[in-house]
2 protein chains.
Amino acid sequence: MAGARALQKEKTRQAIIDAALMHLSAEHSFASLSLREVAREAGIAPTSFYRHFNDMDELGLTLVDESGLTLRELMRKARQRIEKNGSVINTSVETFMEFVERNPNIFRLLLRERSGTSVKFREAVAREVNHFKDELTEYLMAESEYSQEFAYTLAEGLVTLVFNAGAEALDLNPIEREKLKQRTILQLRFITFGAASEGKKA
Amino acid sequence: MAGARALQKEKTRQAIIDAALMHLSAEHSFASLSLREVAREAGIAPTSFYRHFNDMDELGLTLVDESGLTLRELMRKARQRIEKNGSVINTSVETFMEFVERNPNIFRLLLRERSGTSVKFREAVAREVNHFKDELTEYLMAESEYSQEFAYTLAEGLVTLVFNAGAEALDLNPIEREKLKQRTILQLRFITFGAASEGKKA
DNA sequence: GGCTTAAGTGTACAGGTGTACGCTGGATTG
DNA sequence: CAATCCAGCGTACACCTGTACACTTAAGCC
């Protein structure tokens, strides 16, 4: 009753997903990936694709969701590191940059679809990014005594800066990347400190 | 000797550029625009396109350059407003948001190609954004007594936050847009203030 | 053990793409 | 005025795309 049939189907589905992710790179976006291409790479007939997804959009949304999952795993790791290490800002930047370095194409997917041509895609990415903002907001509220609104504004700024640094890191060599990392850390310190100074009133 | 021939050519060239810009929108990117499509819209035969551009990439880079030009005009206006108004942060955000509202598709072009699949495109957009960073760096150095490096780090953070707010504004209604604007202003104040506190040492 | 279900196949078609090639007709030039 | 140039055209070709449709074949089920 293991469902050898369903098992094989799942395997093929994964092959499709893997094939799609494989073709993502600096010079190939998801938008420029065709159904036939992904079917070819996955080792199935073009029409077999439809047994798993209604169209490429559905596959794309699945990819975004999977990427978000990877991203959330990262968050969990960051939290653990912070508890041991202590330095919130440094650790966060460090962890995020590590993720970008290790999963450049997954990050590229999120980055591109964030400003892509599909509302659904944009919403899906926004949802993932919001997880970060919301979680960080709660952390800030617990740590300091900021109001919800105030903490959210700060969290939004922090996430924006880190996310953007990740995007810029993609095209840099290790040396420039390190410099970027240091600048980002400084920027985060500034905004955090500035908020702390004004935040007392809130 | 006005060159009726060259004049007509320039007119057609503009028609091509206009046609391309016209097709840019929330749901149509430059990447998904075909040579034939743009030729159709411009009212010329597909093959006539080659009299003006070697390929779509060349047209795309021209568009990015033109968009950068529009953006720099904006910068000039912002500077004028600041001189009269005084409030640097508010005026900057206000001006930039106005630009995004009035030229959403030009901004979308820059936004998308910034993370696009062509190195040349990415570099071209980076060049445009760097104009902002550099100019702001100089302004900050003149205003305060920051070192070049320190001022650049701050400028980078400021530009990132504003640019990103513009991107997010694209999908928002006027009410949410206004809220976003206010949050952005706050974020800029934080980072500026935080830098000022630490900047004395630099 | 036979009937059903569904994953995967292969063929076929209509429509889109970039671009090579040879031509035309009016502006430019000498 | 005659010769040249060149923006724009039309045809043609090879290639790629999504997907409709009828099929095989192996697993699932009673």
# chains A, B, ... in the order shown; residues from 1 in each chain; ligands from 1
$ interface_residues --of "chain B" --to "chain A" --cutoff "7 Å" --atoms "only C-alpha atoms" --output "list in words"
Ala26, Glu27, His28, Ser29, Leu111, Arg112, Ser115, Thr117, Ser118, Thr153, Leu154, Gly157, Thr160, Leu161, Arg183, Gln187, Phe190, Ile191, Phe193, Gly194 and Ala195 of chain B
$ select_by_dssp --residues "range 10-200 of chain B" --states "helix (DSSP H, G or I)" --output "PyMOL selection string"
chain B and resi 10-23+35-42+46-51+56-85+88-102+104-114+119-143+148-169+174-199
$ atom_distance --atom1 "CA of Gln8 in chain A" --atom2 "CA of Phe49 in chain A"
14.0 Å
$ residues_around --residues "DC30 in chain D" --least-positions-apart "5" --cutoff "12 Å" --atoms "only C-alpha atoms (C1' of nucleotides)" --output "VMD selection string"
chain C and resid 1 to 4
$ residues_around --residues "DG18 in chain D" --least-positions-apart "6" --cutoff "10 Å" --atoms "only C-alpha atoms (C1' of nucleotides)" --output "ChimeraX atom specification"
/A:34-36,46-47,55 /C:15
$ write_last_selection --atoms "C-alpha atoms (C1' of nucleotides)" --output "PDB file, in the first residue's frame"
ATOM      1  CA  SER A  34       9.904  26.906 -21.962  1.00  0.00           C
ATOM      2  CA  LEU A  35       7.679  23.991 -21.111  1.00  0.00           C
ATOM      3  CA  ARG A  36       9.391  21.835 -23.711  1.00  0.00           C
ATOM      4  CA  PRO A  46       6.310  17.617 -23.388  1.00  0.00           C
ATOM      5  CA  THR A  47       2.691  16.625 -22.939  1.00  0.00           C
ATOM      6  CA  ASP A  55       0.993  25.417 -16.937  1.00  0.00           C
TER       7      ASP A  55
ATOM      8  C1'  DG C  15       1.138  30.107 -34.893  1.00  0.00           C
TER       9       DG C  15
END
$ interface_residues --of "chain D" --to "chain A" --cutoff "9 Å" --atoms "only C-alpha atoms (C1' of nucleotides)" --output "count of residues only"
5
$ closest_residue --among "B:Arg13, B:Glu41, B:Met22, B:Ser48" --to "chain C" --atoms "only C-alpha atoms (C1' of nucleotides)"
B:Ser48
$ residues_around --residues "DA20 in chain C" --least-positions-apart "5" --cutoff "12 Å" --atoms "only C-alpha atoms (C1' of nucleotides)" --output "list in words"
Thr47 of chain B; DT11, DA12, DC13 and DA14 of chain D
$ write_last_selection --atoms "N, CA, C and O atoms (P, O5', C5', C4', C3', O3' and C1' of nucleotides)" --output "PDB file, in the first residue's frame"
ATOM      1  N   THR B  47      12.084  43.506 -40.801  1.00  0.00           N
ATOM      2  CA  THR B  47      13.500  43.596 -41.203  1.00  0.00           C
ATOM      3  C   THR B  47      14.023  45.032 -41.184  1.00  0.00           C
ATOM      4  O   THR B  47      15.221  45.254 -41.110  1.00  0.00           O
TER       5      THR B  47
ATOM      6  P    DT D  11       4.712  39.396 -50.036  1.00  0.00           P
ATOM      7  O5'  DT D  11       5.981  38.439 -50.157  1.00  0.00           O
ATOM      8  C5'  DT D  11       6.872  38.584 -51.262  1.00  0.00           C
ATOM      9  C4'  DT D  11       7.904  37.473 -51.230  1.00  0.00           C
ATOM     10  C3'  DT D  11       7.354  36.122 -50.778  1.00  0.00           C
ATOM     11  O3'  DT D  11       7.909  35.093 -51.599  1.00  0.00           O
ATOM     12  C1'  DT D  11       9.167  36.738 -49.383  1.00  0.00           C
ATOM     13  P    DA D  12       7.481  33.537 -51.406  1.00  0.00           P
ATOM     14  O5'  DA D  12       8.690  32.978 -50.550  1.00  0.00           O
ATOM     15  C5'  DA D  12      10.029  33.327 -50.912  1.00  0.00           C
ATOM     16  C4'  DA D  12      10.970  32.672 -49.922  1.00  0.00           C
ATOM     17  C3'  DA D  12      10.459  31.328 -49.404  1.00  0.00           C
ATOM     18  O3'  DA D  12      11.479  30.358 -49.592  1.00  0.00           O
ATOM     19  C1'  DA D  12      11.040  32.763 -47.595  1.00  0.00           C
ATOM     20  P    DC D  13      11.203  28.803 -49.260  1.00  0.00           P
ATOM     21  O5'  DC D  13      12.050  28.618 -47.925  1.00  0.00           O
ATOM     22  C5'  DC D  13      13.403  29.086 -47.894  1.00  0.00           C
ATOM     23  C4'  DC D  13      13.947  28.933 -46.490  1.00  0.00           C
ATOM     24  C3'  DC D  13      13.488  27.635 -45.820  1.00  0.00           C
ATOM     25  O3'  DC D  13      14.616  26.957 -45.306  1.00  0.00           O
ATOM     26  C1'  DC D  13      13.047  29.505 -44.430  1.00  0.00           C
ATOM     27  P    DA D  14      14.518  25.388 -45.040  1.00  0.00           P
ATOM     28  O5'  DA D  14      15.333  25.302 -43.687  1.00  0.00           O
ATOM     29  C5'  DA D  14      16.244  26.341 -43.321  1.00  0.00           C
ATOM     30  C4'  DA D  14      16.144  26.553 -41.820  1.00  0.00           C
ATOM     31  C3'  DA D  14      15.816  25.279 -41.016  1.00  0.00           C
ATOM     32  O3'  DA D  14      16.692  25.219 -39.909  1.00  0.00           O
ATOM     33  C1'  DA D  14      14.279  26.969 -40.476  1.00  0.00           C
TER      34       DA D  14
END
$ residues_around --residues "Lys77 in chain B" --least-positions-apart "5" --cutoff "12 Å" --atoms "only C-alpha atoms (C1' of nucleotides)" --output "PDB file with all heavy atoms, in the first residue's frame"
ATOM      1  N   THR B  70      15.968  60.503 -17.925  1.00  0.00           N
ATOM      2  CA  THR B  70      14.766  60.985 -17.235  1.00  0.00           C
ATOM      3  C   THR B  70      15.011  61.044 -15.733  1.00  0.00           C
ATOM      4  O   THR B  70      14.602  61.991 -15.056  1.00  0.00           O
ATOM      5  CB  THR B  70      13.585  60.033 -17.509  1.00  0.00           C
ATOM      6  OG1 THR B  70      13.528  59.762 -18.909  1.00  0.00           O
ATOM      7  CG2 THR B  70      12.285  60.650 -17.061  1.00  0.00           C
ATOM      8  N   LEU B  71      15.716  60.033 -15.265  1.00  0.00           N
ATOM      9  CA  LEU B  71      15.984  59.949 -13.835  1.00  0.00           C
ATOM     10  C   LEU B  71      16.892  61.091 -13.373  1.00  0.00           C
ATOM     11  O   LEU B  71      16.719  61.656 -12.291  1.00  0.00           O
ATOM     12  CB  LEU B  71      16.653  58.598 -13.541  1.00  0.00           C
ATOM     13  CG  LEU B  71      16.375  57.980 -12.189  1.00  0.00           C
ATOM     14  CD1 LEU B  71      14.889  57.895 -11.938  1.00  0.00           C
ATOM     15  CD2 LEU B  71      16.996  56.601 -12.098  1.00  0.00           C
ATOM     16  N   ARG B  72      17.853  61.418 -14.215  1.00  0.00           N
ATOM     17  CA  ARG B  72      18.783  62.479 -13.816  1.00  0.00           C
ATOM     18  C   ARG B  72      18.125  63.858 -13.858  1.00  0.00           C
ATOM     19  O   ARG B  72      18.446  64.723 -13.057  1.00  0.00           O
ATOM     20  CB  ARG B  72      20.029  62.444 -14.695  1.00  0.00           C
ATOM     21  CG  ARG B  72      21.205  61.828 -13.928  1.00  0.00           C
ATOM     22  CD  ARG B  72      22.364  61.568 -14.829  1.00  0.00           C
ATOM     23  NE  ARG B  72      22.065  60.429 -15.716  1.00  0.00           N
ATOM     24  CZ  ARG B  72      22.775  60.161 -16.800  1.00  0.00           C
ATOM     25  NH1 ARG B  72      23.792  60.930 -17.136  1.00  0.00           N
ATOM     26  NH2 ARG B  72      22.468  59.112 -17.537  1.00  0.00           N
ATOM     27  N   ILE B  82      15.094  71.213  -2.952  1.00  0.00           N
ATOM     28  CA  ILE B  82      15.744  71.177  -1.652  1.00  0.00           C
ATOM     29  C   ILE B  82      16.267  72.554  -1.279  1.00  0.00           C
ATOM     30  O   ILE B  82      16.131  73.003  -0.139  1.00  0.00           O
ATOM     31  CB  ILE B  82      16.898  70.141  -1.646  1.00  0.00           C
ATOM     32  CG1 ILE B  82      16.317  68.729  -1.668  1.00  0.00           C
ATOM     33  CG2 ILE B  82      17.784  70.319  -0.420  1.00  0.00           C
ATOM     34  CD1 ILE B  82      17.344  67.636  -1.893  1.00  0.00           C
ATOM     35  N   GLU B  83      16.840  73.232  -2.275  1.00  0.00           N
ATOM     36  CA  GLU B  83      17.372  74.566  -2.008  1.00  0.00           C
ATOM     37  C   GLU B  83      16.298  75.515  -1.510  1.00  0.00           C
ATOM     38  O   GLU B  83      16.529  76.356  -0.650  1.00  0.00           O
ATOM     39  CB  GLU B  83      18.023  75.120  -3.276  1.00  0.00           C
ATOM     40  CG  GLU B  83      19.434  74.576  -3.498  1.00  0.00           C
ATOM     41  CD  GLU B  83      20.016  75.040  -4.832  1.00  0.00           C
ATOM     42  OE1 GLU B  83      19.588  76.096  -5.315  1.00  0.00           O
ATOM     43  OE2 GLU B  83      20.890  74.337  -5.376  1.00  0.00           O
ATOM     44  N   LYS B  84      15.111  75.377  -2.082  1.00  0.00           N
ATOM     45  CA  LYS B  84      14.013  76.265  -1.685  1.00  0.00           C
ATOM     46  C   LYS B  84      13.325  75.784  -0.420  1.00  0.00           C
ATOM     47  O   LYS B  84      12.988  76.564   0.462  1.00  0.00           O
ATOM     48  CB  LYS B  84      12.969  76.333  -2.813  1.00  0.00           C
ATOM     49  CG  LYS B  84      13.418  77.193  -3.974  1.00  0.00           C
ATOM     50  CD  LYS B  84      12.340  77.251  -5.056  1.00  0.00           C
ATOM     51  CE  LYS B  84      12.884  77.915  -6.313  1.00  0.00           C
ATOM     52  NZ  LYS B  84      12.016  77.693  -7.485  1.00  0.00           N
ATOM     53  N   ASN B  85      13.123  74.503  -0.360  1.00  0.00           N
ATOM     54  CA  ASN B  85      12.319  73.919   0.706  1.00  0.00           C
ATOM     55  C   ASN B  85      13.129  73.641   1.971  1.00  0.00           C
ATOM     56  O   ASN B  85      12.654  73.865   3.079  1.00  0.00           O
ATOM     57  CB  ASN B  85      11.699  72.613   0.174  1.00  0.00           C
ATOM     58  CG  ASN B  85      10.727  72.002   1.150  1.00  0.00           C
ATOM     59  OD1 ASN B  85      10.956  72.057   2.355  1.00  0.00           O
ATOM     60  ND2 ASN B  85       9.657  71.411   0.652  1.00  0.00           N
ATOM     61  N   THR B  91      11.847  65.956   0.822  1.00  0.00           N
ATOM     62  CA  THR B  91      11.807  66.371  -0.580  1.00  0.00           C
ATOM     63  C   THR B  91      12.303  65.264  -1.500  1.00  0.00           C
ATOM     64  O   THR B  91      11.725  65.017  -2.560  1.00  0.00           O
ATOM     65  CB  THR B  91      12.665  67.632  -0.788  1.00  0.00           C
ATOM     66  OG1 THR B  91      12.298  68.612   0.175  1.00  0.00           O
ATOM     67  CG2 THR B  91      12.474  68.184  -2.181  1.00  0.00           C
ATOM     68  N   SER B  92      13.359  64.598  -1.102  1.00  0.00           N
ATOM     69  CA  SER B  92      13.915  63.532  -1.925  1.00  0.00           C
ATOM     70  C   SER B  92      12.906  62.415  -2.121  1.00  0.00           C
ATOM     71  O   SER B  92      12.651  61.964  -3.241  1.00  0.00           O
ATOM     72  CB  SER B  92      15.182  62.963  -1.287  1.00  0.00           C
ATOM     73  OG  SER B  92      16.157  63.964  -1.190  1.00  0.00           O
ATOM     74  N   GLU B  94       9.695  62.506  -1.637  1.00  0.00           N
ATOM     75  CA  GLU B  94       8.545  63.067  -2.363  1.00  0.00           C
ATOM     76  C   GLU B  94       8.825  63.072  -3.870  1.00  0.00           C
ATOM     77  O   GLU B  94       8.018  62.582  -4.671  1.00  0.00           O
ATOM     78  CB  GLU B  94       8.322  64.505  -1.885  1.00  0.00           C
ATOM     79  CG  GLU B  94       6.899  64.993  -1.982  1.00  0.00           C
ATOM     80  CD  GLU B  94       6.061  64.469  -0.813  1.00  0.00           C
ATOM     81  OE1 GLU B  94       6.498  64.545   0.361  1.00  0.00           O
ATOM     82  OE2 GLU B  94       4.965  63.965  -1.106  1.00  0.00           O
ATOM     83  N   THR B  95       9.946  63.598  -4.244  1.00  0.00           N
ATOM     84  CA  THR B  95      10.292  63.721  -5.661  1.00  0.00           C
ATOM     85  C   THR B  95      10.409  62.354  -6.318  1.00  0.00           C
ATOM     86  O   THR B  95       9.910  62.125  -7.413  1.00  0.00           O
ATOM     87  CB  THR B  95      11.631  64.461  -5.830  1.00  0.00           C
ATOM     88  OG1 THR B  95      11.636  65.619  -5.018  1.00  0.00           O
ATOM     89  CG2 THR B  95      11.832  64.864  -7.281  1.00  0.00           C
ATOM     90  N   PHE B  96      11.070  61.453  -5.637  1.00  0.00           N
ATOM     91  CA  PHE B  96      11.268  60.133  -6.225  1.00  0.00           C
ATOM     92  C   PHE B  96       9.950  59.402  -6.404  1.00  0.00           C
ATOM     93  O   PHE B  96       9.701  58.785  -7.438  1.00  0.00           O
ATOM     94  CB  PHE B  96      12.212  59.308  -5.341  1.00  0.00           C
ATOM     95  CG  PHE B  96      12.717  58.075  -6.022  1.00  0.00           C
ATOM     96  CD1 PHE B  96      13.770  58.154  -6.918  1.00  0.00           C
ATOM     97  CD2 PHE B  96      12.131  56.840  -5.797  1.00  0.00           C
ATOM     98  CE1 PHE B  96      14.237  57.028  -7.570  1.00  0.00           C
ATOM     99  CE2 PHE B  96      12.594  55.704  -6.443  1.00  0.00           C
ATOM    100  CZ  PHE B  96      13.652  55.800  -7.325  1.00  0.00           C
ATOM    101  N   GLU B  98       7.094  60.700  -6.795  1.00  0.00           N
ATOM    102  CA  GLU B  98       6.391  61.356  -7.893  1.00  0.00           C
ATOM    103  C   GLU B  98       6.851  60.792  -9.223  1.00  0.00           C
ATOM    104  O   GLU B  98       6.046  60.524 -10.123  1.00  0.00           O
ATOM    105  CB  GLU B  98       6.669  62.858  -7.860  1.00  0.00           C
ATOM    106  CG  GLU B  98       5.478  63.706  -7.484  1.00  0.00           C
ATOM    107  CD  GLU B  98       5.867  65.164  -7.405  1.00  0.00           C
ATOM    108  OE1 GLU B  98       6.208  65.786  -8.430  1.00  0.00           O
ATOM    109  OE2 GLU B  98       5.864  65.667  -6.265  1.00  0.00           O
ATOM    110  N   PHE B  99       8.139  60.618  -9.339  1.00  0.00           N
ATOM    111  CA  PHE B  99       8.707  60.046 -10.568  1.00  0.00           C
ATOM    112  C   PHE B  99       8.139  58.659 -10.842  1.00  0.00           C
ATOM    113  O   PHE B  99       7.717  58.346 -11.956  1.00  0.00           O
ATOM    114  CB  PHE B  99      10.232  59.973 -10.459  1.00  0.00           C
ATOM    115  CG  PHE B  99      10.868  59.146 -11.547  1.00  0.00           C
ATOM    116  CD1 PHE B  99      10.998  59.631 -12.829  1.00  0.00           C
ATOM    117  CD2 PHE B  99      11.334  57.862 -11.266  1.00  0.00           C
ATOM    118  CE1 PHE B  99      11.585  58.868 -13.827  1.00  0.00           C
ATOM    119  CE2 PHE B  99      11.917  57.086 -12.257  1.00  0.00           C
ATOM    120  CZ  PHE B  99      12.039  57.588 -13.541  1.00  0.00           C
TER     121      PHE B  99
END
$ interface_residues --of "chain C" --to "chain A" --cutoff "10 Å" --atoms "only C-alpha atoms (C1' of nucleotides)" --output "list of chain:residue names"
C:DA6, C:DA7, C:DG8, C:DT9, C:DG10
$ residues_around --residues "DT24 in chain C" --least-positions-apart "4" --cutoff "12 Å" --atoms "only C-alpha atoms (C1' of nucleotides)" --output "list in words"
DC6, DA7, DG8, DC9 and DG10 of chain D
$ write_last_selection --atoms "N, CA and C atoms (P, O5', C5', C4', C3', O3' and C1' of nucleotides)" --output "compact mmCIF listing (two decimals), in the first residue's frame"
# COMPACT_ATOMS: atom_id res chain seq x y z
P DC D 6 24.99 54.93 -47.71
O5' DC D 6 23.59 55.05 -46.95
C5' DC D 6 22.52 55.86 -47.46
C4' DC D 6 21.17 55.25 -47.12
C3' DC D 6 21.20 53.97 -46.26
O3' DC D 6 19.98 53.93 -45.55
C1' DC D 6 20.13 53.49 -48.23
P DA D 7 20.03 53.95 -43.93
O5' DA D 7 18.49 54.17 -43.57
C5' DA D 7 17.85 55.39 -43.92
C4' DA D 7 16.37 55.17 -44.21
C3' DA D 7 15.63 54.28 -43.23
O3' DA D 7 14.29 54.77 -43.13
C1' DA D 7 15.60 53.26 -45.37
P DG D 8 13.22 54.03 -42.18
O5' DG D 8 12.57 53.01 -43.18
C5' DG D 8 11.59 53.44 -44.11
C4' DG D 8 11.15 52.26 -44.93
C3' DG D 8 10.54 51.10 -44.13
O3' DG D 8 9.19 50.93 -44.53
C1' DG D 8 12.05 50.34 -45.79
P DC D 9 8.34 49.67 -44.18
O5' DC D 9 8.62 48.75 -45.46
C5' DC D 9 8.22 49.21 -46.74
C4' DC D 9 8.18 48.06 -47.72
C3' DC D 9 7.41 46.83 -47.23
O3' DC D 9 6.43 46.50 -48.19
C1' DC D 9 9.60 46.21 -47.97
P DG D 10 5.19 45.56 -47.83
O5' DG D 10 5.66 44.20 -48.50
C5' DG D 10 6.37 44.22 -49.72
C4' DG D 10 6.68 42.81 -50.15
C3' DG D 10 5.82 41.74 -49.45
O3' DG D 10 5.35 40.84 -50.44
C1' DG D 10 8.15 41.37 -48.98
